[in-house]
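This is query-v7.txt (compact mmCIF, N, CA and C atoms).
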# COMPACT_ATOMS: atom_id res chain seq x y z
N GLN A 29 -9.77 -6.30 -31.43
CA GLN A 29 -10.64 -5.15 -31.60
C GLN A 29 -9.96 -3.86 -31.18
N ASN A 30 -9.21 -3.94 -30.11
CA ASN A 30 -8.46 -2.77 -29.62
C ASN A 30 -6.99 -3.12 -29.57
N PRO A 31 -6.31 -3.04 -30.70
CA PRO A 31 -4.90 -3.45 -30.70
C PRO A 31 -4.05 -2.53 -29.85
N VAL A 32 -3.05 -3.13 -29.21
CA VAL A 32 -2.11 -2.38 -28.39
C VAL A 32 -0.72 -2.63 -28.96
N THR A 33 -0.01 -1.55 -29.21
CA THR A 33 1.36 -1.69 -29.71
C THR A 33 2.34 -1.29 -28.61
N LEU A 34 3.57 -1.65 -28.81
CA LEU A 34 4.61 -1.27 -27.86
C LEU A 34 4.73 0.25 -27.79
N GLU A 35 4.57 0.89 -28.92
CA GLU A 35 4.62 2.36 -28.95
C GLU A 35 3.47 2.96 -28.15
N ASP A 36 2.27 2.36 -28.24
CA ASP A 36 1.13 2.83 -27.45
C ASP A 36 1.45 2.76 -25.96
N LEU A 37 2.07 1.66 -25.55
CA LEU A 37 2.42 1.49 -24.14
C LEU A 37 3.46 2.51 -23.71
N GLN A 38 4.44 2.77 -24.55
CA GLN A 38 5.47 3.75 -24.22
C GLN A 38 4.87 5.15 -24.10
N LEU A 39 4.01 5.52 -25.04
CA LEU A 39 3.39 6.84 -24.99
C LEU A 39 2.46 6.96 -23.79
N GLY A 40 1.72 5.89 -23.50
CA GLY A 40 0.84 5.90 -22.33
C GLY A 40 1.62 6.07 -21.04
N LEU A 41 2.76 5.42 -20.96
CA LEU A 41 3.59 5.55 -19.76
C LEU A 41 4.13 6.98 -19.64
N ASP A 42 4.48 7.58 -20.76
CA ASP A 42 4.93 8.98 -20.73
C ASP A 42 3.83 9.89 -20.18
N ASP A 43 2.59 9.64 -20.59
CA ASP A 43 1.47 10.46 -20.12
C ASP A 43 1.22 10.28 -18.63
N LEU A 44 1.46 9.09 -18.11
CA LEU A 44 1.19 8.79 -16.71
C LEU A 44 2.32 9.19 -15.75
N THR A 45 3.47 9.49 -16.27
CA THR A 45 4.67 9.69 -15.46
C THR A 45 4.48 10.62 -14.26
N PRO A 46 3.90 11.81 -14.41
CA PRO A 46 3.81 12.69 -13.23
C PRO A 46 3.06 12.08 -12.05
N GLY A 47 1.99 11.37 -12.31
CA GLY A 47 1.20 10.80 -11.23
C GLY A 47 1.75 9.51 -10.65
N LEU A 48 2.62 8.84 -11.39
CA LEU A 48 3.13 7.55 -10.92
C LEU A 48 4.16 7.68 -9.81
N THR A 49 5.00 8.68 -9.88
CA THR A 49 6.08 8.79 -8.91
C THR A 49 5.68 9.52 -7.64
N SER A 50 4.58 10.26 -7.67
CA SER A 50 4.21 11.05 -6.50
C SER A 50 3.20 10.36 -5.61
N GLY A 51 2.52 9.36 -6.10
CA GLY A 51 1.51 8.70 -5.29
C GLY A 51 0.25 9.53 -5.20
N THR A 52 -0.57 9.22 -4.22
CA THR A 52 -1.83 9.94 -4.08
C THR A 52 -1.59 11.25 -3.38
N GLY A 53 -2.33 12.25 -3.75
CA GLY A 53 -2.19 13.56 -3.13
C GLY A 53 -2.92 13.64 -1.81
N ALA A 54 -3.70 12.64 -1.45
CA ALA A 54 -4.51 12.67 -0.23
C ALA A 54 -3.86 11.89 0.91
N GLU A 55 -2.54 11.70 0.89
CA GLU A 55 -1.91 10.88 1.91
C GLU A 55 -1.70 11.64 3.22
N GLY A 56 -1.79 12.94 3.21
CA GLY A 56 -1.64 13.71 4.44
C GLY A 56 -0.22 14.22 4.61
N VAL A 57 -0.06 15.13 5.56
CA VAL A 57 1.23 15.78 5.77
C VAL A 57 2.24 14.84 6.41
N TRP A 58 1.84 14.15 7.50
CA TRP A 58 2.78 13.30 8.22
C TRP A 58 3.29 12.13 7.36
N PRO A 59 2.43 11.36 6.70
CA PRO A 59 2.95 10.28 5.85
C PRO A 59 3.83 10.80 4.71
N SER A 60 3.46 11.96 4.18
CA SER A 60 4.26 12.54 3.11
C SER A 60 5.64 12.95 3.63
N LEU A 61 5.67 13.55 4.81
CA LEU A 61 6.94 13.96 5.41
C LEU A 61 7.80 12.74 5.74
N LYS A 62 7.19 11.67 6.27
CA LYS A 62 7.93 10.45 6.57
C LYS A 62 8.53 9.85 5.30
N ARG A 63 7.75 9.87 4.23
CA ARG A 63 8.25 9.32 2.96
C ARG A 63 9.43 10.14 2.46
N GLU A 64 9.32 11.46 2.53
CA GLU A 64 10.41 12.32 2.07
C GLU A 64 11.67 12.13 2.92
N LEU A 65 11.51 12.08 4.24
CA LEU A 65 12.67 11.89 5.11
C LEU A 65 13.28 10.51 4.91
N GLY A 66 12.44 9.53 4.67
CA GLY A 66 12.92 8.17 4.45
C GLY A 66 13.71 8.02 3.16
N SER A 67 13.50 8.93 2.24
CA SER A 67 14.22 8.82 0.97
C SER A 67 15.54 9.61 0.97
N LEU A 68 15.86 10.28 2.09
CA LEU A 68 17.12 11.01 2.15
C LEU A 68 18.32 10.07 2.14
N PHE A 69 18.23 8.97 2.88
CA PHE A 69 19.30 7.98 2.94
C PHE A 69 18.71 6.63 2.58
N VAL A 70 19.36 5.98 1.65
CA VAL A 70 18.89 4.68 1.21
C VAL A 70 20.03 3.68 1.32
N LEU A 71 19.80 2.62 2.07
CA LEU A 71 20.77 1.54 2.18
C LEU A 71 20.18 0.31 1.50
N ARG A 72 20.97 -0.26 0.60
CA ARG A 72 20.52 -1.47 -0.07
C ARG A 72 21.73 -2.25 -0.52
N ARG A 73 21.52 -3.52 -0.75
CA ARG A 73 22.60 -4.37 -1.21
C ARG A 73 22.94 -4.08 -2.65
N VAL A 74 24.17 -4.34 -3.00
CA VAL A 74 24.63 -4.14 -4.38
C VAL A 74 23.86 -5.11 -5.27
N GLY A 75 23.39 -4.60 -6.40
CA GLY A 75 22.68 -5.45 -7.36
C GLY A 75 21.17 -5.46 -7.19
N THR A 76 20.66 -4.95 -6.08
CA THR A 76 19.21 -4.90 -5.91
C THR A 76 18.68 -3.63 -6.56
N PRO A 77 17.49 -3.71 -7.14
CA PRO A 77 16.96 -2.51 -7.81
C PRO A 77 16.64 -1.41 -6.81
N SER A 78 16.73 -0.20 -7.27
CA SER A 78 16.47 0.96 -6.42
C SER A 78 14.99 1.04 -6.08
N PRO A 79 14.69 1.34 -4.81
CA PRO A 79 13.29 1.52 -4.43
C PRO A 79 12.77 2.92 -4.77
N GLU A 80 13.64 3.79 -5.21
CA GLU A 80 13.26 5.17 -5.55
C GLU A 80 12.30 5.15 -6.74
N PRO A 81 11.15 5.81 -6.64
CA PRO A 81 10.16 5.76 -7.72
C PRO A 81 10.69 6.22 -9.08
N THR A 82 11.51 7.26 -9.09
CA THR A 82 12.02 7.73 -10.39
C THR A 82 12.94 6.69 -11.02
N GLU A 83 13.71 5.98 -10.19
CA GLU A 83 14.59 4.94 -10.71
C GLU A 83 13.78 3.74 -11.19
N ARG A 84 12.75 3.39 -10.45
CA ARG A 84 11.87 2.29 -10.88
C ARG A 84 11.22 2.63 -12.22
N LEU A 85 10.78 3.86 -12.35
CA LEU A 85 10.15 4.29 -13.60
C LEU A 85 11.15 4.25 -14.75
N ARG A 86 12.36 4.70 -14.50
CA ARG A 86 13.41 4.66 -15.52
C ARG A 86 13.70 3.21 -15.94
N HIS A 87 13.75 2.33 -14.96
CA HIS A 87 13.99 0.90 -15.24
C HIS A 87 12.82 0.33 -16.04
N ALA A 88 11.60 0.69 -15.69
CA ALA A 88 10.42 0.21 -16.43
C ALA A 88 10.47 0.68 -17.88
N ARG A 89 10.90 1.90 -18.10
CA ARG A 89 11.01 2.40 -19.48
C ARG A 89 12.04 1.62 -20.29
N ARG A 90 13.18 1.30 -19.65
CA ARG A 90 14.20 0.50 -20.35
C ARG A 90 13.66 -0.88 -20.69
N LEU A 91 12.96 -1.49 -19.74
CA LEU A 91 12.39 -2.81 -19.99
C LEU A 91 11.38 -2.74 -21.14
N LEU A 92 10.56 -1.71 -21.13
CA LEU A 92 9.56 -1.55 -22.18
C LEU A 92 10.22 -1.34 -23.53
N ALA A 93 11.28 -0.56 -23.56
CA ALA A 93 12.00 -0.32 -24.82
C ALA A 93 12.59 -1.61 -25.37
N ASN A 94 12.91 -2.56 -24.47
CA ASN A 94 13.46 -3.85 -24.90
C ASN A 94 12.38 -4.89 -25.14
N GLY A 95 11.11 -4.48 -25.05
CA GLY A 95 10.01 -5.41 -25.32
C GLY A 95 9.64 -6.30 -24.15
N GLN A 96 10.17 -6.04 -22.97
CA GLN A 96 9.88 -6.85 -21.79
C GLN A 96 8.71 -6.23 -21.03
N VAL A 97 7.54 -6.33 -21.62
CA VAL A 97 6.35 -5.66 -21.09
C VAL A 97 5.95 -6.22 -19.73
N ASP A 98 6.02 -7.53 -19.53
CA ASP A 98 5.64 -8.13 -18.25
C ASP A 98 6.49 -7.57 -17.11
N ARG A 99 7.79 -7.53 -17.32
CA ARG A 99 8.69 -7.02 -16.28
C ARG A 99 8.49 -5.53 -16.05
N ALA A 100 8.20 -4.78 -17.11
CA ALA A 100 7.93 -3.34 -16.95
C ALA A 100 6.66 -3.14 -16.13
N ALA A 101 5.65 -3.96 -16.36
CA ALA A 101 4.39 -3.85 -15.61
C ALA A 101 4.61 -4.13 -14.13
N VAL A 102 5.50 -5.05 -13.81
CA VAL A 102 5.82 -5.34 -12.40
C VAL A 102 6.42 -4.10 -11.75
N GLU A 103 7.32 -3.43 -12.45
CA GLU A 103 7.93 -2.21 -11.91
C GLU A 103 6.89 -1.11 -11.72
N ILE A 104 6.00 -0.96 -12.69
CA ILE A 104 4.96 0.07 -12.59
C ILE A 104 4.04 -0.22 -11.41
N ALA A 105 3.73 -1.48 -11.18
CA ALA A 105 2.85 -1.85 -10.07
C ALA A 105 3.46 -1.52 -8.71
N ARG A 106 4.76 -1.37 -8.63
CA ARG A 106 5.44 -1.07 -7.37
C ARG A 106 5.57 0.43 -7.10
N LEU A 107 5.13 1.26 -8.03
CA LEU A 107 5.24 2.70 -7.86
C LEU A 107 4.15 3.23 -6.93
N PRO A 108 4.39 4.36 -6.27
CA PRO A 108 3.39 4.92 -5.35
C PRO A 108 2.05 5.24 -6.02
N GLY A 109 2.06 5.68 -7.26
CA GLY A 109 0.83 6.04 -7.96
C GLY A 109 0.32 4.96 -8.89
N ALA A 110 0.60 3.71 -8.58
CA ALA A 110 0.24 2.59 -9.47
C ALA A 110 -1.26 2.50 -9.74
N GLU A 111 -2.06 2.94 -8.79
CA GLU A 111 -3.52 2.87 -9.01
C GLU A 111 -3.96 3.75 -10.17
N LYS A 112 -3.18 4.76 -10.49
CA LYS A 112 -3.51 5.64 -11.62
C LYS A 112 -3.19 4.99 -12.96
N ALA A 113 -2.47 3.87 -12.93
CA ALA A 113 -2.06 3.20 -14.16
C ALA A 113 -2.87 1.94 -14.43
N ALA A 114 -4.07 1.85 -13.88
CA ALA A 114 -4.89 0.64 -14.04
C ALA A 114 -5.18 0.34 -15.51
N ASN A 115 -5.53 1.35 -16.28
CA ASN A 115 -5.80 1.14 -17.71
C ASN A 115 -4.54 0.75 -18.46
N TRP A 116 -3.42 1.36 -18.10
CA TRP A 116 -2.15 1.02 -18.74
C TRP A 116 -1.78 -0.43 -18.43
N MET A 117 -1.98 -0.84 -17.18
CA MET A 117 -1.66 -2.21 -16.78
C MET A 117 -2.53 -3.22 -17.55
N ALA A 118 -3.81 -2.88 -17.74
CA ALA A 118 -4.69 -3.77 -18.51
C ALA A 118 -4.22 -3.88 -19.95
N ALA A 119 -3.81 -2.75 -20.53
CA ALA A 119 -3.31 -2.76 -21.91
C ALA A 119 -2.00 -3.55 -21.99
N ALA A 120 -1.15 -3.42 -20.99
CA ALA A 120 0.12 -4.17 -20.97
C ALA A 120 -0.15 -5.67 -20.88
N ARG A 121 -1.13 -6.06 -20.06
CA ARG A 121 -1.48 -7.49 -19.96
C ARG A 121 -2.02 -8.00 -21.29
N ARG A 122 -2.86 -7.19 -21.96
CA ARG A 122 -3.39 -7.60 -23.27
C ARG A 122 -2.27 -7.76 -24.29
N TYR A 123 -1.33 -6.83 -24.28
CA TYR A 123 -0.19 -6.91 -25.19
C TYR A 123 0.63 -8.17 -24.92
N ALA A 124 0.91 -8.43 -23.66
CA ALA A 124 1.73 -9.60 -23.30
C ALA A 124 1.01 -10.90 -23.67
N ARG A 125 -0.30 -10.97 -23.42
CA ARG A 125 -1.04 -12.19 -23.79
C ARG A 125 -1.07 -12.38 -25.30
N THR A 126 -1.20 -11.29 -26.04
CA THR A 126 -1.20 -11.38 -27.50
C THR A 126 0.15 -11.87 -28.02
N ARG A 127 1.23 -11.31 -27.49
CA ARG A 127 2.57 -11.75 -27.90
C ARG A 127 2.78 -13.22 -27.57
N GLN A 128 2.30 -13.64 -26.41
CA GLN A 128 2.44 -15.03 -26.01
C GLN A 128 1.66 -15.94 -26.96
N ALA A 129 0.45 -15.55 -27.33
CA ALA A 129 -0.35 -16.34 -28.26
C ALA A 129 0.32 -16.42 -29.62
N LEU A 130 0.88 -15.32 -30.08
CA LEU A 130 1.59 -15.33 -31.36
C LEU A 130 2.82 -16.23 -31.31
N ASP A 131 3.51 -16.24 -30.18
CA ASP A 131 4.66 -17.14 -30.03
C ASP A 131 4.23 -18.60 -30.10
N VAL A 132 3.10 -18.92 -29.48
CA VAL A 132 2.60 -20.30 -29.52
C VAL A 132 2.24 -20.70 -30.95
N ILE A 133 1.58 -19.80 -31.67
CA ILE A 133 1.21 -20.08 -33.06
C ILE A 133 2.46 -20.27 -33.91
N GLU A 134 3.45 -19.41 -33.72
CA GLU A 134 4.68 -19.51 -34.50
C GLU A 134 5.42 -20.82 -34.19
N THR A 135 5.48 -21.17 -32.93
CA THR A 135 6.14 -22.42 -32.55
C THR A 135 5.43 -23.62 -33.14
N ALA A 136 4.10 -23.61 -33.09
CA ALA A 136 3.34 -24.71 -33.67
C ALA A 136 3.57 -24.80 -35.17
N ALA A 137 3.66 -23.67 -35.83
CA ALA A 137 3.89 -23.67 -37.27
C ALA A 137 5.27 -24.21 -37.61
N ILE A 138 6.23 -23.93 -36.77
CA ILE A 138 7.60 -24.41 -37.02
C ILE A 138 7.70 -25.91 -36.73
N LEU A 139 7.10 -26.34 -35.64
CA LEU A 139 7.23 -27.75 -35.24
C LEU A 139 6.34 -28.69 -36.03
N GLN A 140 5.22 -28.21 -36.52
CA GLN A 140 4.29 -29.07 -37.25
C GLN A 140 3.90 -28.40 -38.57
N PRO A 141 4.84 -28.32 -39.49
CA PRO A 141 4.47 -27.67 -40.76
C PRO A 141 3.47 -28.54 -41.52
N ARG A 142 2.55 -27.89 -42.12
CA ARG A 142 1.56 -28.60 -42.93
C ARG A 142 2.13 -28.81 -44.31
N LEU A 143 1.79 -29.95 -44.86
CA LEU A 143 2.25 -30.22 -46.22
C LEU A 143 1.42 -29.41 -47.19
N LEU A 144 2.10 -28.78 -48.07
CA LEU A 144 1.42 -27.99 -49.09
C LEU A 144 1.04 -28.92 -50.23
N ALA A 145 -0.02 -28.58 -50.90
CA ALA A 145 -0.43 -29.36 -52.07
C ALA A 145 0.66 -29.23 -53.12
N PRO A 146 0.94 -30.32 -53.84
CA PRO A 146 1.99 -30.21 -54.86
C PRO A 146 1.56 -29.22 -55.94
N PRO A 147 2.52 -28.57 -56.53
CA PRO A 147 2.16 -27.59 -57.57
C PRO A 147 1.58 -28.32 -58.77
N PRO A 148 0.74 -27.64 -59.52
CA PRO A 148 0.14 -28.30 -60.70
C PRO A 148 1.23 -28.62 -61.71
N PRO A 149 1.04 -29.66 -62.49
CA PRO A 149 2.08 -30.02 -63.46
C PRO A 149 2.24 -28.92 -64.49
N LEU A 150 3.45 -28.81 -64.96
CA LEU A 150 3.74 -27.80 -65.96
C LEU A 150 3.16 -28.24 -67.30
N LEU A 151 2.65 -27.29 -68.01
CA LEU A 151 2.13 -27.59 -69.33
C LEU A 151 3.29 -27.76 -70.31
N PRO A 152 3.15 -28.69 -71.22
CA PRO A 152 4.25 -28.87 -72.17
C PRO A 152 4.38 -27.62 -73.05
N ASP A 153 5.59 -27.38 -73.50
CA ASP A 153 5.83 -26.25 -74.38
C ASP A 153 5.03 -26.46 -75.68
N PRO A 154 4.40 -25.42 -76.12
CA PRO A 154 3.64 -25.55 -77.38
C PRO A 154 4.60 -25.81 -78.53
N VAL A 155 4.14 -26.62 -79.44
CA VAL A 155 4.94 -26.93 -80.64
C VAL A 155 4.85 -25.73 -81.56
N PRO A 156 5.99 -25.22 -81.97
CA PRO A 156 5.94 -24.02 -82.85
C PRO A 156 5.29 -24.37 -84.20
N ALA A 157 4.50 -23.49 -84.67
CA ALA A 157 3.82 -23.68 -85.97
C ALA A 157 4.80 -23.47 -87.10
N ARG A 158 4.70 -24.35 -88.17
CA ARG A 158 5.61 -24.22 -89.30
C ARG A 158 5.00 -23.51 -90.42
Could you quickly redo this structure as structure tokens?
Amino acid sequence: QNPVTLEDLQLGLDDLTPGLTSGTGAEGVWPSLKRELGSLFVLRRVGTPSPEPTERLRHARRLLANGQVDRAAVEIARLPGAEKAANWMAAARRYARTRQALDVIETAAILQPRLLAPPPPLLPDPVPAR
């Protein structure tokens, strides 16, 4: 009834971008200052994804562009403003469930093809009139 396309998800994510990386505006001065100071220096192991919200968002966009909606939704859920993306997350889940259902149908069709009715017999060529 309400189809969701990959393009819809990409456009929706573009619309949500400003609120996703900043978190809630009601967090107060001290928590905001701690968050800002904490992001000045970041130590992490090589190969681990960046905890920086803008990097997470960039990674989510790449995943979405590659059709990996489930993994993109995980990245979006880890952003400070994830609560603002509740509708987007629901749409992403619907898209992922639909793709999964289509994959099951396709697999069933490949593994258990139904026999088609044989074609009707060909009519004999008409005898030319003399």
Could you state the separation of atom N of Gly109 of chain A and atom N of Pro46 of chain A in Å, given to one decimal place?
-> 9.6 Å
Identify, on the basis of only N, CA and C atoms, every residue whose closest approach to segment 116-124 of chain A does not exceed 6.5 Å; exclude the query and any residue fewer than 6 positions from it along the same chain; express the result as JSON, numbers by chain.
-> {"A": [32, 97, 98, 101]}
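Atom C of Val132 of chain A is found 27.2 Å from atom N of Ile104 of chain A.
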Would you list the contacts of Glu35 of chain A as a ChimeraX atom specification, taking every protein, DNA or RNA residue within 12 Å and counting only C-alpha atoms, but skipping same-chain residues closer than 2 positions in sequence?
-> /A:31-33,37-42,89,92-95,97,119-120,123
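Atom CA of Glu83 of chain A is positioned 12.8 Å from atom CA of Ser50 of chain A.
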Nearest-residue call for Thr45 of chain A, choices A:Leu65, A:Leu107, A:Leu139, A:Val102, using only C-alpha atoms = A:Leu107
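Around Glu80 of chain A, within 8 Å and counting all atoms listed in the file, the residues found are A:Thr49, A:Ser67, A:Arg86, A:Leu107, A:Pro108, once anything fewer than 6 positions away on its own chain is removed.
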Please, what is the axis-aligned box for every listed atom of segment 78-91 of chain A with 8 Å on each side, as centre and edge lengths in Å to one decimal, as AutoDock Vina command-line options?
--center_x 13.4 --center_y 2.5 --center_z -12.8 --size_x 22.6 --size_y 26.5 --size_z 32.7
Could you give me, as number ranges by chain, each residue of segment 74-138 of chain A that DSSP assigns to alpha helix (DSSP H) when run on this structure's backbone?
-> A: 81-93, 97-105, 114-138
